[in-house]
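Below: target.tsv (TSV, C-alpha atoms and all ligand atoms)
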```tsv
chain	number	residue	atom	x	y	z
A	7	MET	CA	-28.81	9.49	-6.07
A	8	SER	CA	-30.09	8.79	-2.58
A	9	GLU	CA	-27.86	6.97	-0.11
A	10	GLN	CA	-30.72	4.79	1.13
A	11	GLY	CA	-32.41	2.23	-0.99
A	12	ARG	CA	-30.15	2.33	-4.00
A	13	VAL	CA	-30.83	-0.08	-6.83
A	14	VAL	CA	-27.53	-1.74	-7.75
A	15	LEU	CA	-26.56	-4.09	-10.58
A	16	VAL	CA	-23.26	-5.98	-10.40
A	17	THR	CA	-22.18	-8.19	-13.31
A	18	GLY	CA	-20.40	-11.40	-12.40
A	19	GLY	CA	-21.65	-11.13	-8.83
A	20	SER	CA	-21.90	-14.81	-7.91
A	21	ARG	CA	-18.40	-15.17	-6.48
A	22	GLY	CA	-14.95	-13.62	-6.08
A	23	ILE	CA	-14.62	-9.86	-6.40
A	24	GLY	CA	-18.18	-9.51	-7.72
A	25	ARG	CA	-19.71	-11.15	-4.65
A	26	ALA	CA	-17.64	-8.89	-2.36
A	27	ILE	CA	-18.83	-5.86	-4.34
A	28	CYS	CA	-22.47	-6.97	-3.99
A	29	LEU	CA	-22.00	-7.24	-0.23
A	30	ALA	CA	-20.16	-3.92	0.06
A	31	LEU	CA	-23.00	-2.16	-1.79
A	32	ALA	CA	-25.78	-3.80	0.23
A	33	GLU	CA	-27.64	-1.29	2.35
A	34	PRO	CA	-30.90	-1.87	4.22
A	35	GLY	CA	-33.88	-1.01	2.05
A	36	GLY	CA	-31.81	-1.28	-1.10
A	37	VAL	CA	-31.77	-3.73	-3.97
A	38	VAL	CA	-28.71	-5.65	-5.14
A	39	ALA	CA	-29.12	-7.52	-8.41
A	40	PHE	CA	-26.37	-9.43	-10.14
A	41	ASN	CA	-25.82	-11.72	-13.05
A	42	HIS	CA	-23.35	-14.55	-13.57
A	43	PHE	CA	-22.42	-17.20	-16.09
A	44	ASP	CA	-21.42	-20.09	-13.81
A	45	PRO	CA	-22.30	-23.63	-14.94
A	46	ASP	CA	-24.51	-24.05	-11.85
A	47	GLU	CA	-26.47	-21.84	-9.42
A	48	GLN	CA	-24.64	-22.83	-6.22
A	49	ALA	CA	-22.43	-19.75	-5.78
A	50	ALA	CA	-25.20	-17.42	-6.97
A	51	GLN	CA	-27.66	-18.83	-4.43
A	52	ALA	CA	-25.09	-18.43	-1.65
A	53	THR	CA	-24.57	-14.79	-2.65
A	54	VAL	CA	-28.32	-14.13	-2.63
A	55	ALA	CA	-28.56	-15.63	0.88
A	56	MET	CA	-25.64	-13.48	2.11
A	57	LEU	CA	-27.28	-10.36	0.69
A	58	GLN	CA	-30.66	-11.16	2.19
A	59	ALA	CA	-28.97	-11.63	5.56
A	60	LYS	CA	-27.85	-7.99	5.23
A	61	GLY	CA	-31.46	-6.85	4.81
A	62	VAL	CA	-31.48	-6.07	1.10
A	63	LYS	CA	-33.67	-7.33	-1.69
A	64	ALA	CA	-31.40	-9.57	-3.73
A	65	GLU	CA	-31.66	-11.38	-7.03
A	66	GLY	CA	-29.22	-13.15	-9.31
A	67	ARG	CA	-29.76	-14.30	-12.86
A	68	LYS	CA	-27.64	-16.34	-15.26
A	69	PHE	CA	-26.94	-14.74	-18.62
A	70	ASP	CA	-23.97	-13.84	-20.77
A	71	VAL	CA	-23.00	-10.24	-20.21
A	72	SER	CA	-22.04	-9.85	-23.88
A	73	ASP	CA	-25.55	-10.69	-25.14
A	74	PRO	CA	-27.27	-7.32	-25.72
A	75	ALA	CA	-30.79	-8.79	-25.85
A	76	GLN	CA	-30.46	-10.39	-22.41
A	77	VAL	CA	-28.70	-7.38	-20.89
A	78	ASN	CA	-31.39	-4.99	-22.12
A	79	GLU	CA	-34.17	-7.31	-21.02
A	80	TYR	CA	-32.69	-7.60	-17.52
A	81	ILE	CA	-32.14	-3.86	-17.06
A	82	ASP	CA	-35.74	-3.24	-18.27
A	83	HIS	CA	-36.90	-5.76	-15.68
A	84	LEU	CA	-34.99	-3.96	-12.89
A	85	VAL	CA	-36.40	-0.57	-13.83
A	86	ASN	CA	-39.93	-1.98	-14.06
A	87	ALA	CA	-39.60	-3.79	-10.72
A	88	TYR	CA	-37.74	-1.17	-8.67
A	89	GLY	CA	-38.27	2.09	-10.54
A	90	ARG	CA	-34.65	3.06	-11.16
A	91	LEU	CA	-31.03	2.00	-11.49
A	92	ASP	CA	-28.53	3.89	-9.35
A	93	VAL	CA	-25.33	1.86	-9.66
A	94	LEU	CA	-23.85	-0.44	-12.31
A	95	VAL	CA	-20.62	-2.30	-11.60
A	96	ASN	CA	-19.16	-4.04	-14.64
A	97	ASN	CA	-17.20	-6.77	-12.93
A	98	ALA	CA	-17.79	-9.89	-15.07
A	99	GLY	CA	-14.55	-11.01	-16.69
A	100	ILE	CA	-12.66	-14.04	-17.91
A	101	THR	CA	-9.14	-15.06	-18.87
A	102	GLN	CA	-8.01	-17.46	-21.59
A	103	ASP	CA	-4.23	-17.20	-21.36
A	104	ALA	CA	-1.72	-18.24	-24.02
A	105	LEU	CA	1.45	-16.78	-25.46
A	106	MET	CA	0.58	-14.47	-28.34
A	107	VAL	CA	2.12	-16.70	-31.00
A	108	ARG	CA	-0.01	-19.61	-29.82
A	109	MET	CA	-3.24	-17.73	-29.07
A	110	SER	CA	-6.14	-18.62	-31.32
A	111	LEU	CA	-8.37	-15.93	-32.77
A	112	GLU	CA	-11.26	-17.57	-30.88
A	113	GLN	CA	-9.39	-17.10	-27.57
A	114	PHE	CA	-8.69	-13.48	-28.41
A	115	GLU	CA	-12.25	-12.78	-29.52
A	116	ARG	CA	-14.01	-14.50	-26.59
A	117	VAL	CA	-12.06	-12.55	-23.95
A	118	LEU	CA	-12.62	-9.27	-25.80
A	119	LYS	CA	-16.30	-10.14	-26.14
A	120	VAL	CA	-16.94	-10.80	-22.44
A	121	ASN	CA	-14.61	-8.23	-20.88
A	122	LEU	CA	-14.85	-5.29	-23.27
A	123	ILE	CA	-18.00	-5.72	-25.37
A	124	GLY	CA	-19.88	-6.95	-22.28
A	125	THR	CA	-18.87	-3.79	-20.42
A	126	PHE	CA	-19.92	-1.62	-23.37
A	127	VAL	CA	-23.31	-3.34	-23.73
A	128	CYS	CA	-24.12	-2.93	-20.01
A	129	MET	CA	-22.86	0.66	-19.90
A	130	GLN	CA	-24.99	1.59	-22.88
A	131	ALA	CA	-28.16	0.07	-21.44
A	132	ALA	CA	-27.59	1.55	-17.97
A	133	ALA	CA	-26.59	4.96	-19.33
A	134	LYS	CA	-29.97	5.35	-21.04
A	135	VAL	CA	-31.72	4.85	-17.69
A	136	MET	CA	-29.28	6.98	-15.67
A	137	MET	CA	-29.32	9.89	-18.15
A	138	LYS	CA	-33.11	10.07	-17.83
A	139	GLN	CA	-32.78	9.97	-14.02
A	140	ARG	CA	-30.06	12.61	-14.19
A	141	GLY	CA	-27.94	10.59	-11.81
A	142	GLY	CA	-26.08	7.37	-11.31
A	143	SER	CA	-22.69	5.81	-10.88
A	144	ILE	CA	-20.90	3.29	-13.09
A	145	VAL	CA	-17.74	1.49	-11.99
A	146	ASN	CA	-15.83	-0.77	-14.37
A	147	VAL	CA	-13.40	-3.42	-13.19
A	148	ALA	CA	-10.22	-3.18	-15.26
A	149	SER	CA	-6.82	-4.63	-14.26
A	150	VAL	CA	-3.27	-3.42	-13.73
A	151	VAL	CA	-2.28	-5.44	-16.81
A	152	GLY	CA	-4.43	-3.10	-18.92
A	153	GLN	CA	-1.69	-0.58	-18.18
A	154	THR	CA	1.38	-2.79	-18.06
A	155	GLY	CA	0.65	-5.70	-20.43
A	156	ASN	CA	1.39	-9.24	-19.26
A	157	VAL	CA	3.03	-12.32	-20.74
A	158	GLY	CA	0.33	-14.74	-21.88
A	159	GLN	CA	-2.46	-12.18	-21.68
A	160	ALA	CA	-2.58	-10.40	-25.04
A	161	ASN	CA	-6.37	-10.81	-25.13
A	162	TYR	CA	-7.01	-9.99	-21.46
A	163	SER	CA	-4.64	-7.01	-21.20
A	164	ALA	CA	-6.03	-5.51	-24.44
A	165	SER	CA	-9.58	-5.95	-23.13
A	166	LYS	CA	-8.73	-4.21	-19.86
A	167	ALA	CA	-6.95	-1.32	-21.61
A	168	GLY	CA	-10.15	-0.97	-23.63
A	169	VAL	CA	-12.19	-0.90	-20.43
A	170	MET	CA	-10.07	2.00	-19.14
A	171	ALA	CA	-10.61	3.98	-22.36
A	172	LEU	CA	-14.33	3.18	-22.32
A	173	THR	CA	-14.49	4.48	-18.73
A	174	LYS	CA	-12.98	7.83	-19.71
A	175	THR	CA	-15.23	8.23	-22.76
A	176	GLY	CA	-18.30	7.31	-20.70
A	177	ALA	CA	-17.27	9.81	-18.04
A	178	LYS	CA	-17.03	12.61	-20.63
A	179	GLU	CA	-20.30	11.73	-22.36
A	180	LEU	CA	-22.40	11.29	-19.21
A	181	ALA	CA	-21.02	13.93	-16.83
A	182	ALA	CA	-23.47	16.62	-17.90
A	183	ARG	CA	-26.36	14.33	-16.90
A	184	GLY	CA	-24.97	13.73	-13.42
A	185	VAL	CA	-23.65	10.25	-14.13
A	186	ARG	CA	-20.13	9.44	-12.94
A	187	VAL	CA	-18.03	6.70	-14.55
A	188	ASN	CA	-14.87	5.38	-12.90
A	189	ALA	CA	-12.80	2.20	-12.87
A	190	VAL	CA	-10.76	0.13	-10.48
A	191	ALA	CA	-7.68	-1.72	-11.66
A	192	PRO	CA	-7.01	-4.63	-9.28
A	193	GLY	CA	-3.59	-6.24	-9.02
A	194	PHE	CA	-3.24	-9.82	-7.76
A	195	ILE	CA	-6.45	-10.74	-5.91
A	196	GLU	CA	-7.21	-14.16	-4.39
A	197	THR	CA	-10.22	-15.59	-6.28
A	198	ASP	CA	-11.11	-18.57	-8.48
A	199	MET	CA	-9.52	-16.65	-11.37
A	200	THR	CA	-6.09	-16.67	-9.74
A	201	ALA	CA	-6.41	-19.99	-7.89
A	202	ALA	CA	-4.93	-21.88	-10.84
A	203	ILE	CA	-1.66	-19.91	-10.71
A	204	PRO	CA	1.08	-22.28	-9.48
A	205	GLU	CA	2.27	-21.42	-5.95
A	206	LYS	CA	5.85	-20.78	-7.18
A	207	VAL	CA	4.61	-18.13	-9.61
A	208	ALA	CA	2.20	-16.68	-7.04
A	209	ALA	CA	5.07	-16.32	-4.53
A	210	VAL	CA	7.10	-14.31	-7.06
A	211	MET	CA	4.09	-12.11	-7.77
A	212	ARG	CA	3.53	-11.49	-4.05
A	213	ALA	CA	7.21	-10.61	-3.58
A	214	ASN	CA	6.72	-7.73	-6.04
A	215	ILE	CA	3.82	-6.20	-4.11
A	216	PRO	CA	5.05	-3.34	-1.87
A	217	LEU	CA	2.29	-3.95	0.72
A	218	GLY	CA	3.61	-7.52	0.98
A	219	ARG	CA	0.50	-9.60	0.33
A	220	SER	CA	-1.95	-10.50	-2.39
A	221	GLY	CA	-5.30	-8.72	-2.28
A	222	LEU	CA	-8.64	-9.97	-1.04
A	223	PRO	CA	-11.91	-9.38	-2.90
A	224	GLU	CA	-12.96	-7.03	-0.06
A	225	ASP	CA	-9.91	-4.82	-0.73
A	226	VAL	CA	-11.33	-4.11	-4.19
A	227	ALA	CA	-14.97	-3.99	-3.10
A	228	ASP	CA	-14.32	-1.25	-0.51
A	229	VAL	CA	-12.83	1.00	-3.20
A	230	VAL	CA	-15.78	0.31	-5.52
A	231	ALA	CA	-18.15	1.21	-2.67
A	232	PHE	CA	-16.24	4.46	-2.17
A	233	LEU	CA	-16.47	5.30	-5.89
A	234	CYS	CA	-20.26	4.76	-5.77
A	235	SER	CA	-20.68	6.87	-2.63
A	236	PRO	CA	-21.30	10.60	-2.23
A	237	ALA	CA	-17.72	10.85	-0.90
A	238	ALA	CA	-16.58	10.40	-4.51
A	239	ARG	CA	-18.99	13.00	-5.90
A	240	TYR	CA	-16.19	14.99	-7.57
A	241	LEU	CA	-14.49	11.94	-9.17
A	242	THR	CA	-15.20	10.84	-12.70
A	243	GLY	CA	-13.12	9.28	-15.46
A	244	GLN	CA	-10.63	7.93	-12.93
A	245	VAL	CA	-8.89	4.56	-12.80
A	246	LEU	CA	-7.97	3.68	-9.21
A	247	HIS	CA	-5.33	0.97	-8.96
A	248	VAL	CA	-6.06	-1.43	-6.11
A	249	SER	CA	-2.88	-3.43	-6.17
A	250	GLY	CA	-1.01	-3.00	-2.89
A	251	GLY	CA	1.34	-0.70	-4.77
A	252	LEU	CA	2.17	-3.24	-7.51
A	253	TYR	CA	1.39	-0.54	-10.03
A	254	MET	CA	2.28	3.07	-9.26
B	1	LIG	N1	-8.56	-11.93	-9.45
B	1	LIG	C1	-7.67	-11.04	-9.83
B	1	LIG	O1	-6.48	-11.08	-9.47
B	1	LIG	C2	-8.08	-9.91	-10.74
B	1	LIG	C3	-7.12	-8.94	-11.04
B	1	LIG	C4	-7.48	-7.88	-11.86
B	1	LIG	C5	-8.76	-7.79	-12.37
B	1	LIG	N2	-9.66	-8.76	-12.06
B	1	LIG	C6	-11.00	-8.62	-12.65
B	1	LIG	O2	-11.98	-8.66	-11.62
B	1	LIG	C7	-13.20	-9.18	-12.14
B	1	LIG	C8	-13.68	-10.33	-11.26
B	1	LIG	O3	-12.68	-11.32	-11.24
B	1	LIG	P1	-12.65	-12.54	-10.20
B	1	LIG	O4	-11.24	-12.80	-9.91
B	1	LIG	O5	-13.60	-12.28	-9.11
B	1	LIG	O6	-13.18	-13.71	-11.16
B	1	LIG	P2	-14.03	-15.04	-10.85
B	1	LIG	O7	-13.68	-15.96	-11.95
B	1	LIG	O8	-13.87	-15.46	-9.44
B	1	LIG	O9	-15.56	-14.54	-11.06
B	1	LIG	C9	-16.00	-14.10	-12.32
B	1	LIG	C10	-17.46	-13.75	-12.28
B	1	LIG	O10	-17.82	-13.31	-13.62
B	1	LIG	C11	-18.89	-14.12	-14.08
B	1	LIG	N3	-18.81	-14.25	-15.54
B	1	LIG	C12	-17.85	-14.84	-16.28
B	1	LIG	N4	-18.17	-14.79	-17.58
B	1	LIG	C13	-19.36	-14.15	-17.66
B	1	LIG	C14	-20.22	-13.81	-18.73
B	1	LIG	N5	-19.93	-14.10	-20.00
B	1	LIG	N6	-21.38	-13.18	-18.45
B	1	LIG	C15	-21.72	-12.90	-17.17
B	1	LIG	N7	-20.94	-13.19	-16.12
B	1	LIG	C16	-19.78	-13.81	-16.36
B	1	LIG	C17	-18.75	-15.43	-13.35
B	1	LIG	O11	-19.97	-16.16	-13.39
B	1	LIG	C18	-18.36	-14.94	-11.96
B	1	LIG	O12	-19.50	-14.49	-11.29
B	1	LIG	C19	-12.90	-9.60	-13.58
B	1	LIG	O13	-13.29	-8.58	-14.46
B	1	LIG	C20	-11.40	-9.74	-13.59
B	1	LIG	O14	-10.86	-9.55	-14.88
B	1	LIG	C21	-9.37	-9.82	-11.27
```
When written as structure tokens, how does the structure in this file appear?
Ligand SMILES: NC(=O)c1ccc[n+]([C@@H]2O[C@H](COP(=O)([O-])OP(=O)(O)OC[C@H]3O[C@@H](n4cnc5c(N)ncnc54)[C@H](O)[C@@H]3O)[C@@H](O)[C@H]2O)c1
Amino acid sequence: MSEQGRVVLVTGGSRGIGRAICLALAEPGGVVAFNHFDPDEQAAQATVAMLQAKGVKAEGRKFDVSDPAQVNEYIDHLVNAYGRLDVLVNNAGITQDALMVRMSLEQFERVLKVNLIGTFVCMQAAAKVMMKQRGGSIVNVASVVGQTGNVGQANYSASKAGVMALTKTGAKELAARGVRVNAVAPGFIETDMTAAIPEKVAAVMRANIPLGRSGLPEDVADVVAFLCSPAARYLTGQVLHVSGGLYM
């Protein structure tokens, strides 16, 4: 995998952690593609403009990451247009919180479908390309709650535990072809996803973080960029917690 001109795909790249990852992986001469599932194109267009300002070719497309037909079609398009795929970051994710006794099967299934099945579908499609290339890097975005569980997040925490296991299996299956698979497990990061948390609850969460503050999308993106870089050439199958010490 060459350092210059990498072709990168980030799922859920329109805003939040995904946008920061797109920007952290932007290098002159490279390509950063992302998808999203926002109701409108506003955030996606802003991300494309930010990427172009960094001198990369950028494109964003709206489709559901758990739809195999659209995922395969988009990865085919990238390979046809740019010749290869060097990096996949599976960042797209949703929450639909409820206490377990009140959670509907639909809530459970939808979160599993986007977070876990979506990650599997993208990994599978990208792995076929990367195995042929004999090189590539996949980073999955899990969560600390995949390790710890969390009240109100039976669906989400189970999906993220699944993402961690998928990461390790992918790492074992793809290592011989030069493809590394790792994950980050963010703690409490300031994005649209956490904006709805009442300030009282957020303050308690922050008080439990040894580094004394909630995280920024860039805190996660820098670790993803490291995992995709040659500096991480001897890392695979790892889950790096990016949580200010919340989980250790
Ligand atoms: N914010 C946090 O505190 C936190 C903590 C741990 C893990 N995470 C994980 O980080 C990732 C990004 O979270 P965020 O806080 O930036 O969220 P966000 O809500 O700000 O952004 C989510 C992104 O995913 C996209 N997306 C949602 N559903 C999709 C679908 N079906 N298909 C394609 N794209 C879809 C959205 O369009 C958007 O681009 C998620 O996987 C999330 O679970 C976030």
### Task
Could you pull out the residues sitting within 8 Å of ligand LIG 1 (chain B), using all atoms listed in the file, and write them as a PyMOL selection string?
chain A and resi 17-25+41-45+50+68-72+96-101+120-121+124+147-151+162+166+191-200+221+223
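With CA of Phe232 in chain A on one side and CA of Ala26 in chain A on the other, the separation reads 13.4 Å.
Interatomic distance, CA of Arg90 in chain A against CA of Ala182 in chain A: 18.8 Å.
Each of A:Gln130, A:Thr173, A:Asn161, A:Gln48 was checked against Leu111 in chain A using only C-alpha atoms; the smallest atom-to-atom distance is that of A:Asn161.
Between Leu105 in chain A and the residues A:Gln159, A:Ile123, A:Met170, A:Ala30, the shortest atom-to-atom distance, using all atoms listed in the file, involves A:Gln159.
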#### Entry: Shell around range 134-136 of chain A at 7 Å using all atoms listed in the file, local window under 4 positions removed, as a PyMOL selection string
chain A and resi 91+130+140-142+185
Could you turn the residues from that selection into a file that holds C-alpha atoms, as a PDB file, in the frame of the given file?
```pdb
ATOM      1  CA  LEU A  91     -31.030   2.000 -11.490  1.00  0.00           C
ATOM      2  CA  GLN A 130     -24.990   1.590 -22.880  1.00  0.00           C
ATOM      3  CA  ARG A 140     -30.060  12.610 -14.190  1.00  0.00           C
ATOM      4  CA  GLY A 141     -27.940  10.590 -11.810  1.00  0.00           C
ATOM      5  CA  GLY A 142     -26.080   7.370 -11.310  1.00  0.00           C
ATOM      6  CA  VAL A 185     -23.650  10.250 -14.130  1.00  0.00           C
TER       7      VAL A 185
END
```
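If you look at CA of Leu241 in chain A and CA of Val187 in chain A, they are 8.3 Å away from each other.
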### Query
Using only C-alpha atoms, which residues sit within 12 Å of Ala171 in chain A once same-chain residues fewer than 6 positions away are excluded, as a PyMOL selection string?
chain A and resi 122+125-126+146+148+152-153+164-165+177-178+187-189+243-245
### Message
Show me, as number ranges by chain, the residues that have an atom within 6 Å of Leu15 in chain A when counting all atoms listed in the file, minus same-chain residues fewer than 4 positions from it.
### Response
A: 39-40, 94
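When all atoms listed in the file are used to compute distances to Val38 in chain A, the closest of the residues A:Lys63, A:Asp82, A:Ala55, A:Ala167 turns out to be A:Lys63.
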Saving range 104-138 of chain A with N, CA and C atoms, as a PDB file, in the first residue's frame, what would that file be?
```pdb
ATOM      1  N   ALA A 104     -33.327   1.949  24.301  1.00  0.00           N
ATOM      2  CA  ALA A 104     -34.497   1.650  25.155  1.00  0.00           C
ATOM      3  C   ALA A 104     -34.059   0.592  26.156  1.00  0.00           C
ATOM      4  N   LEU A 105     -34.694   0.597  27.318  1.00  0.00           N
ATOM      5  CA  LEU A 105     -34.393  -0.478  28.264  1.00  0.00           C
ATOM      6  C   LEU A 105     -34.788  -1.806  27.618  1.00  0.00           C
ATOM      7  N   MET A 106     -34.052  -2.859  27.948  1.00  0.00           N
ATOM      8  CA  MET A 106     -34.242  -4.139  27.285  1.00  0.00           C
ATOM      9  C   MET A 106     -35.691  -4.626  27.324  1.00  0.00           C
ATOM     10  N   VAL A 107     -36.337  -4.440  28.477  1.00  0.00           N
ATOM     11  CA  VAL A 107     -37.716  -4.955  28.596  1.00  0.00           C
ATOM     12  C   VAL A 107     -38.697  -4.173  27.717  1.00  0.00           C
ATOM     13  N   ARG A 108     -38.290  -2.983  27.299  1.00  0.00           N
ATOM     14  CA  ARG A 108     -39.191  -2.179  26.458  1.00  0.00           C
ATOM     15  C   ARG A 108     -38.733  -2.131  24.999  1.00  0.00           C
ATOM     16  N   MET A 109     -37.598  -2.725  24.702  1.00  0.00           N
ATOM     17  CA  MET A 109     -37.052  -2.622  23.338  1.00  0.00           C
ATOM     18  C   MET A 109     -37.820  -3.527  22.390  1.00  0.00           C
ATOM     19  N   SER A 110     -38.231  -2.962  21.267  1.00  0.00           N
ATOM     20  CA  SER A 110     -38.943  -3.783  20.281  1.00  0.00           C
ATOM     21  C   SER A 110     -37.931  -4.599  19.481  1.00  0.00           C
ATOM     22  N   LEU A 111     -38.408  -5.671  18.890  1.00  0.00           N
ATOM     23  CA  LEU A 111     -37.544  -6.489  18.039  1.00  0.00           C
ATOM     24  C   LEU A 111     -37.060  -5.663  16.843  1.00  0.00           C
ATOM     25  N   GLU A 112     -37.920  -4.762  16.364  1.00  0.00           N
ATOM     26  CA  GLU A 112     -37.536  -3.896  15.230  1.00  0.00           C
ATOM     27  C   GLU A 112     -36.351  -3.011  15.624  1.00  0.00           C
ATOM     28  N   GLN A 113     -36.396  -2.451  16.843  1.00  0.00           N
ATOM     29  CA  GLN A 113     -35.280  -1.608  17.306  1.00  0.00           C
ATOM     30  C   GLN A 113     -33.991  -2.432  17.382  1.00  0.00           C
ATOM     31  N   PHE A 114     -34.137  -3.642  17.905  1.00  0.00           N
ATOM     32  CA  PHE A 114     -32.949  -4.500  18.053  1.00  0.00           C
ATOM     33  C   PHE A 114     -32.385  -4.846  16.673  1.00  0.00           C
ATOM     34  N   GLU A 115     -33.291  -5.240  15.778  1.00  0.00           N
ATOM     35  CA  GLU A 115     -32.845  -5.687  14.455  1.00  0.00           C
ATOM     36  C   GLU A 115     -32.240  -4.555  13.623  1.00  0.00           C
ATOM     37  N   ARG A 116     -32.839  -3.370  13.680  1.00  0.00           N
ATOM     38  CA  ARG A 116     -32.346  -2.261  12.838  1.00  0.00           C
ATOM     39  C   ARG A 116     -30.914  -1.870  13.233  1.00  0.00           C
ATOM     40  N   VAL A 117     -30.660  -1.788  14.552  1.00  0.00           N
ATOM     41  CA  VAL A 117     -29.318  -1.400  14.998  1.00  0.00           C
ATOM     42  C   VAL A 117     -28.299  -2.486  14.638  1.00  0.00           C
ATOM     43  N   LEU A 118     -28.685  -3.742  14.820  1.00  0.00           N
ATOM     44  CA  LEU A 118     -27.790  -4.839  14.414  1.00  0.00           C
ATOM     45  C   LEU A 118     -27.543  -4.779  12.913  1.00  0.00           C
ATOM     46  N   LYS A 119     -28.594  -4.468  12.156  1.00  0.00           N
ATOM     47  CA  LYS A 119     -28.472  -4.466  10.695  1.00  0.00           C
ATOM     48  C   LYS A 119     -27.486  -3.395  10.216  1.00  0.00           C
ATOM     49  N   VAL A 120     -27.620  -2.186  10.725  1.00  0.00           N
ATOM     50  CA  VAL A 120     -26.724  -1.109  10.267  1.00  0.00           C
ATOM     51  C   VAL A 120     -25.308  -1.325  10.826  1.00  0.00           C
ATOM     52  N   ASN A 121     -25.206  -1.514  12.130  1.00  0.00           N
ATOM     53  CA  ASN A 121     -23.879  -1.500  12.763  1.00  0.00           C
ATOM     54  C   ASN A 121     -23.076  -2.777  12.498  1.00  0.00           C
ATOM     55  N   LEU A 122     -23.725  -3.916  12.576  1.00  0.00           N
ATOM     56  CA  LEU A 122     -22.970  -5.173  12.461  1.00  0.00           C
ATOM     57  C   LEU A 122     -23.054  -5.752  11.050  1.00  0.00           C
ATOM     58  N   ILE A 123     -24.263  -5.909  10.526  1.00  0.00           N
ATOM     59  CA  ILE A 123     -24.391  -6.473   9.175  1.00  0.00           C
ATOM     60  C   ILE A 123     -23.785  -5.503   8.164  1.00  0.00           C
ATOM     61  N   GLY A 124     -23.999  -4.203   8.349  1.00  0.00           N
ATOM     62  CA  GLY A 124     -23.390  -3.210   7.451  1.00  0.00           C
ATOM     63  C   GLY A 124     -21.874  -3.344   7.426  1.00  0.00           C
ATOM     64  N   THR A 125     -21.281  -3.521   8.592  1.00  0.00           N
ATOM     65  CA  THR A 125     -19.820  -3.685   8.665  1.00  0.00           C
ATOM     66  C   THR A 125     -19.386  -4.957   7.943  1.00  0.00           C
ATOM     67  N   PHE A 126     -20.129  -6.044   8.163  1.00  0.00           N
ATOM     68  CA  PHE A 126     -19.808  -7.311   7.491  1.00  0.00           C
ATOM     69  C   PHE A 126     -19.883  -7.176   5.970  1.00  0.00           C
ATOM     70  N   VAL A 127     -20.962  -6.577   5.495  1.00  0.00           N
ATOM     71  CA  VAL A 127     -21.186  -6.443   4.048  1.00  0.00           C
ATOM     72  C   VAL A 127     -20.045  -5.646   3.402  1.00  0.00           C
ATOM     73  N   CYS A 128     -19.657  -4.537   4.030  1.00  0.00           N
ATOM     74  CA  CYS A 128     -18.575  -3.710   3.477  1.00  0.00           C
ATOM     75  C   CYS A 128     -17.229  -4.422   3.563  1.00  0.00           C
ATOM     76  N   MET A 129     -16.994  -5.108   4.693  1.00  0.00           N
ATOM     77  CA  MET A 129     -15.729  -5.837   4.839  1.00  0.00           C
ATOM     78  C   MET A 129     -15.600  -6.906   3.771  1.00  0.00           C
ATOM     79  N   GLN A 130     -16.690  -7.614   3.528  1.00  0.00           N
ATOM     80  CA  GLN A 130     -16.656  -8.704   2.555  1.00  0.00           C
ATOM     81  C   GLN A 130     -16.330  -8.171   1.158  1.00  0.00           C
ATOM     82  N   ALA A 131     -17.025  -7.099   0.779  1.00  0.00           N
ATOM     83  CA  ALA A 131     -16.813  -6.534  -0.561  1.00  0.00           C
ATOM     84  C   ALA A 131     -15.388  -5.985  -0.698  1.00  0.00           C
ATOM     85  N   ALA A 132     -14.918  -5.281   0.330  1.00  0.00           N
ATOM     86  CA  ALA A 132     -13.570  -4.693   0.264  1.00  0.00           C
ATOM     87  C   ALA A 132     -12.502  -5.779   0.326  1.00  0.00           C
ATOM     88  N   ALA A 133     -12.747  -6.817   1.115  1.00  0.00           N
ATOM     89  CA  ALA A 133     -11.741  -7.874   1.273  1.00  0.00           C
ATOM     90  C   ALA A 133     -11.444  -8.541  -0.064  1.00  0.00           C
ATOM     91  N   LYS A 134     -12.481  -8.719  -0.886  1.00  0.00           N
ATOM     92  CA  LYS A 134     -12.259  -9.359  -2.195  1.00  0.00           C
ATOM     93  C   LYS A 134     -11.273  -8.539  -3.033  1.00  0.00           C
ATOM     94  N   VAL A 135     -11.429  -7.216  -2.992  1.00  0.00           N
ATOM     95  CA  VAL A 135     -10.529  -6.332  -3.750  1.00  0.00           C
ATOM     96  C   VAL A 135      -9.133  -6.348  -3.119  1.00  0.00           C
ATOM     97  N   MET A 136      -9.066  -6.212  -1.812  1.00  0.00           N
ATOM     98  CA  MET A 136      -7.765  -6.100  -1.126  1.00  0.00           C
ATOM     99  C   MET A 136      -6.963  -7.402  -1.191  1.00  0.00           C
ATOM    100  N   MET A 137      -7.666  -8.541  -1.136  1.00  0.00           N
ATOM    101  CA  MET A 137      -6.949  -9.829  -1.235  1.00  0.00           C
ATOM    102  C   MET A 137      -6.268  -9.944  -2.594  1.00  0.00           C
ATOM    103  N   LYS A 138      -6.976  -9.522  -3.639  1.00  0.00           N
ATOM    104  CA  LYS A 138      -6.387  -9.561  -4.996  1.00  0.00           C
ATOM    105  C   LYS A 138      -5.176  -8.640  -5.080  1.00  0.00           C
TER     106      LYS A 138
END
```
